[in-house]
Amino acid sequence: MKTLEFVETAGSDRLVRLNIPVDDPDKRYHVIVHVEAEGASESNKTEYLSDEFVRATAGKWIGEFPTDSAGDFEEREPL
């Protein structure tokens with residue numbers, strides 16, 4: 001699997017055209033495209049995913065994690 005990352009400028013028709021090099025002709029390829037305006041990832045970064053949030057909250061849990069009962073389980077014969 002290859003990971004390609006590049007920046008292309010959209011034309012006046014609002015289309016970005018991609019040419020993706022592959023290893024073998026006449027073969028099917030699974031292609032995933034993630035489209036995001038350049039610089040958008042920083043401006044859309046949510047507070048709970050920021051490095052500051054992780055540093056401020058990492059290792060801060062005090063007490064026990066709350067758990068619910070898993071319910072009753074069937075009795076099985078030993079192997």
# chains A, B, ... in the order shown; residues from 1 in each chain; ligands from 1

$ residues_around --residues "A:Lys2" --least-positions-apart "6" --cutoff "12 Å" --atoms "only C-alpha atoms" --output "JSON, numbers by chain"
{"A": [20, 21, 22, 23, 29, 30, 31, 32]}

$ closest_residue --among "A:Asp72, A:Glu77, A:Glu8, A:Glu64" --to "A:Val35" --atoms "only C-alpha atoms"
A:Glu8

$ residues_around --residues "A:His34" --least-positions-apart "3" --cutoff "12 Å" --atoms "only C-alpha atoms" --output "list of chain:residue names"
A:Thr3, A:Leu4, A:Glu5, A:Phe6, A:Val7, A:Val31, A:Ala37, A:Glu38, A:Ser41

$ atom_distance --atom1 "atom CA of A:Val33" --atom2 "atom CA of A:Thr9"
15.3 Å

$ select_by_dssp --residues "chain A" --states "alpha helix (DSSP H)" --output "tab-separated table (two decimals) with N, CA and C atoms, in the first residue's frame"
chain	number	residue	atom	x	y	z
A	40	ALA	N	-7.13	23.77	6.68
A	40	ALA	CA	-8.40	23.56	7.39
A	40	ALA	C	-8.23	22.71	8.63
A	41	SER	N	-7.27	21.79	8.63
A	41	SER	CA	-7.14	20.89	9.77
A	41	SER	C	-6.79	21.65	11.05
A	42	GLU	N	-5.98	22.68	10.97
A	42	GLU	CA	-5.63	23.45	12.15
A	42	GLU	C	-6.80	24.30	12.63
A	43	SER	N	-7.52	24.90	11.71
A	43	SER	CA	-8.61	25.79	12.12
A	43	SER	C	-9.81	25.01	12.65
A	51	ASP	N	-3.24	19.01	21.71
A	51	ASP	CA	-2.12	18.55	22.53
A	51	ASP	C	-2.22	19.10	23.94
A	52	GLU	N	-2.68	20.35	24.06
A	52	GLU	CA	-2.83	20.96	25.38
A	52	GLU	C	-3.84	20.18	26.23
A	53	PHE	N	-4.95	19.78	25.62
A	53	PHE	CA	-5.97	19.03	26.35
A	53	PHE	C	-5.41	17.69	26.81
A	54	VAL	N	-4.68	17.00	25.95
A	54	VAL	CA	-4.11	15.70	26.31
A	54	VAL	C	-3.12	15.86	27.46
A	55	ARG	N	-2.24	16.85	27.38
A	55	ARG	CA	-1.27	17.07	28.46
A	55	ARG	C	-1.96	17.44	29.77
A	56	ALA	N	-3.05	18.21	29.70
A	56	ALA	CA	-3.74	18.64	30.91
A	56	ALA	C	-4.54	17.52	31.56
A	57	THR	N	-4.96	16.52	30.78
A	57	THR	CA	-5.85	15.49	31.34
A	57	THR	C	-5.19	14.12	31.48

$ decode --residues "stretch 14-64 of chain A" --atoms "N, CA and C atoms" --output "compact mmCIF listing (two decimals), in the first residue's frame"
# COMPACT_ATOMS: atom_id res chain seq x y z
N ARG A 14 -14.20 24.20 -10.18
CA ARG A 14 -14.23 23.67 -8.82
C ARG A 14 -13.88 22.18 -8.78
N LEU A 15 -13.06 21.72 -9.69
CA LEU A 15 -12.63 20.33 -9.72
C LEU A 15 -11.13 20.24 -9.51
N VAL A 16 -10.71 19.26 -8.76
CA VAL A 16 -9.29 18.94 -8.60
C VAL A 16 -9.07 17.64 -9.34
N ARG A 17 -8.16 17.64 -10.26
CA ARG A 17 -7.89 16.45 -11.06
C ARG A 17 -6.63 15.77 -10.53
N LEU A 18 -6.73 14.46 -10.35
CA LEU A 18 -5.63 13.69 -9.79
C LEU A 18 -5.10 12.68 -10.80
N ASN A 19 -3.81 12.56 -10.87
CA ASN A 19 -3.15 11.49 -11.60
C ASN A 19 -2.38 10.69 -10.57
N ILE A 20 -2.76 9.44 -10.38
CA ILE A 20 -2.15 8.62 -9.35
C ILE A 20 -1.36 7.50 -10.00
N PRO A 21 -0.05 7.48 -9.82
CA PRO A 21 0.76 6.41 -10.41
C PRO A 21 0.52 5.09 -9.67
N VAL A 22 0.44 3.99 -10.42
CA VAL A 22 0.25 2.66 -9.84
C VAL A 22 1.31 1.71 -10.36
N ASP A 23 1.39 0.55 -9.73
CA ASP A 23 2.44 -0.41 -10.09
C ASP A 23 2.15 -1.19 -11.37
N ASP A 24 0.91 -1.68 -11.51
CA ASP A 24 0.59 -2.56 -12.63
C ASP A 24 -0.62 -2.05 -13.41
N PRO A 25 -0.54 -2.05 -14.74
CA PRO A 25 -1.71 -1.66 -15.54
C PRO A 25 -2.77 -2.77 -15.51
N ASP A 26 -3.98 -2.44 -15.89
CA ASP A 26 -5.09 -3.40 -15.99
C ASP A 26 -5.34 -4.16 -14.69
N LYS A 27 -5.13 -3.50 -13.57
CA LYS A 27 -5.35 -4.10 -12.27
C LYS A 27 -6.28 -3.18 -11.48
N ARG A 28 -7.17 -3.75 -10.66
CA ARG A 28 -8.08 -2.95 -9.85
C ARG A 28 -7.34 -2.42 -8.62
N TYR A 29 -7.61 -1.18 -8.26
CA TYR A 29 -6.97 -0.56 -7.11
C TYR A 29 -8.04 0.04 -6.20
N HIS A 30 -7.83 -0.06 -4.91
CA HIS A 30 -8.70 0.54 -3.91
C HIS A 30 -8.10 1.91 -3.60
N VAL A 31 -8.85 2.97 -3.90
CA VAL A 31 -8.35 4.33 -3.72
C VAL A 31 -9.26 5.05 -2.72
N ILE A 32 -8.66 5.67 -1.72
CA ILE A 32 -9.40 6.46 -0.74
C ILE A 32 -8.91 7.90 -0.87
N VAL A 33 -9.84 8.83 -0.99
CA VAL A 33 -9.48 10.23 -1.14
C VAL A 33 -10.07 11.02 0.03
N HIS A 34 -9.23 11.73 0.73
CA HIS A 34 -9.66 12.61 1.82
C HIS A 34 -9.49 14.03 1.32
N VAL A 35 -10.57 14.78 1.20
CA VAL A 35 -10.51 16.13 0.65
C VAL A 35 -10.70 17.13 1.77
N GLU A 36 -9.76 18.07 1.85
CA GLU A 36 -9.80 19.08 2.90
C GLU A 36 -9.11 20.32 2.37
N ALA A 37 -9.70 21.48 2.60
CA ALA A 37 -9.07 22.72 2.17
C ALA A 37 -7.74 22.89 2.89
N GLU A 38 -6.75 23.37 2.21
CA GLU A 38 -5.42 23.52 2.80
C GLU A 38 -5.50 24.43 4.02
N GLY A 39 -4.91 24.00 5.13
CA GLY A 39 -4.93 24.76 6.36
C GLY A 39 -6.18 24.53 7.18
N ALA A 40 -7.13 23.77 6.68
CA ALA A 40 -8.40 23.56 7.39
C ALA A 40 -8.23 22.71 8.63
N SER A 41 -7.27 21.79 8.63
CA SER A 41 -7.14 20.89 9.77
C SER A 41 -6.79 21.65 11.05
N GLU A 42 -5.98 22.68 10.97
CA GLU A 42 -5.63 23.45 12.15
C GLU A 42 -6.80 24.30 12.63
N SER A 43 -7.52 24.90 11.71
CA SER A 43 -8.61 25.79 12.12
C SER A 43 -9.81 25.01 12.65
N ASN A 44 -9.97 23.74 12.24
CA ASN A 44 -11.11 22.94 12.69
C ASN A 44 -10.75 22.02 13.86
N LYS A 45 -9.56 22.15 14.38
CA LYS A 45 -9.11 21.28 15.46
C LYS A 45 -9.98 21.52 16.70
N THR A 46 -10.56 20.46 17.23
CA THR A 46 -11.42 20.65 18.39
C THR A 46 -10.59 20.63 19.65
N GLU A 47 -11.11 21.27 20.68
CA GLU A 47 -10.37 21.43 21.93
C GLU A 47 -10.00 20.09 22.54
N TYR A 48 -10.93 19.11 22.51
CA TYR A 48 -10.65 17.85 23.18
C TYR A 48 -9.60 17.01 22.48
N LEU A 49 -9.20 17.35 21.29
CA LEU A 49 -8.16 16.60 20.60
C LEU A 49 -6.82 17.35 20.61
N SER A 50 -6.78 18.54 21.16
CA SER A 50 -5.56 19.32 21.11
C SER A 50 -4.48 18.72 22.02
N ASP A 51 -3.24 19.01 21.71
CA ASP A 51 -2.12 18.55 22.53
C ASP A 51 -2.22 19.10 23.94
N GLU A 52 -2.68 20.35 24.06
CA GLU A 52 -2.83 20.96 25.38
C GLU A 52 -3.84 20.18 26.23
N PHE A 53 -4.95 19.78 25.62
CA PHE A 53 -5.97 19.03 26.35
C PHE A 53 -5.41 17.69 26.81
N VAL A 54 -4.68 17.00 25.95
CA VAL A 54 -4.11 15.70 26.31
C VAL A 54 -3.12 15.86 27.46
N ARG A 55 -2.24 16.85 27.38
CA ARG A 55 -1.27 17.07 28.46
C ARG A 55 -1.96 17.44 29.77
N ALA A 56 -3.05 18.21 29.70
CA ALA A 56 -3.74 18.64 30.91
C ALA A 56 -4.54 17.52 31.56
N THR A 57 -4.96 16.52 30.78
CA THR A 57 -5.85 15.49 31.34
C THR A 57 -5.19 14.12 31.48
N ALA A 58 -4.08 13.88 30.83
CA ALA A 58 -3.43 12.56 30.89
C ALA A 58 -3.01 12.22 32.30
N GLY A 59 -3.42 11.06 32.80
CA GLY A 59 -3.03 10.60 34.12
C GLY A 59 -3.74 11.28 35.27
N LYS A 60 -4.80 12.00 35.00
CA LYS A 60 -5.48 12.78 36.04
C LYS A 60 -6.64 12.03 36.70
N TRP A 61 -7.02 10.86 36.20
CA TRP A 61 -8.17 10.14 36.76
C TRP A 61 -7.86 9.69 38.18
N ILE A 62 -8.77 9.98 39.09
CA ILE A 62 -8.62 9.55 40.47
C ILE A 62 -9.84 8.71 40.81
N GLY A 63 -9.62 7.54 41.35
CA GLY A 63 -10.74 6.68 41.75
C GLY A 63 -10.85 5.47 40.84
N GLU A 64 -12.01 4.84 40.93
CA GLU A 64 -12.27 3.64 40.15
C GLU A 64 -13.10 4.00 38.92
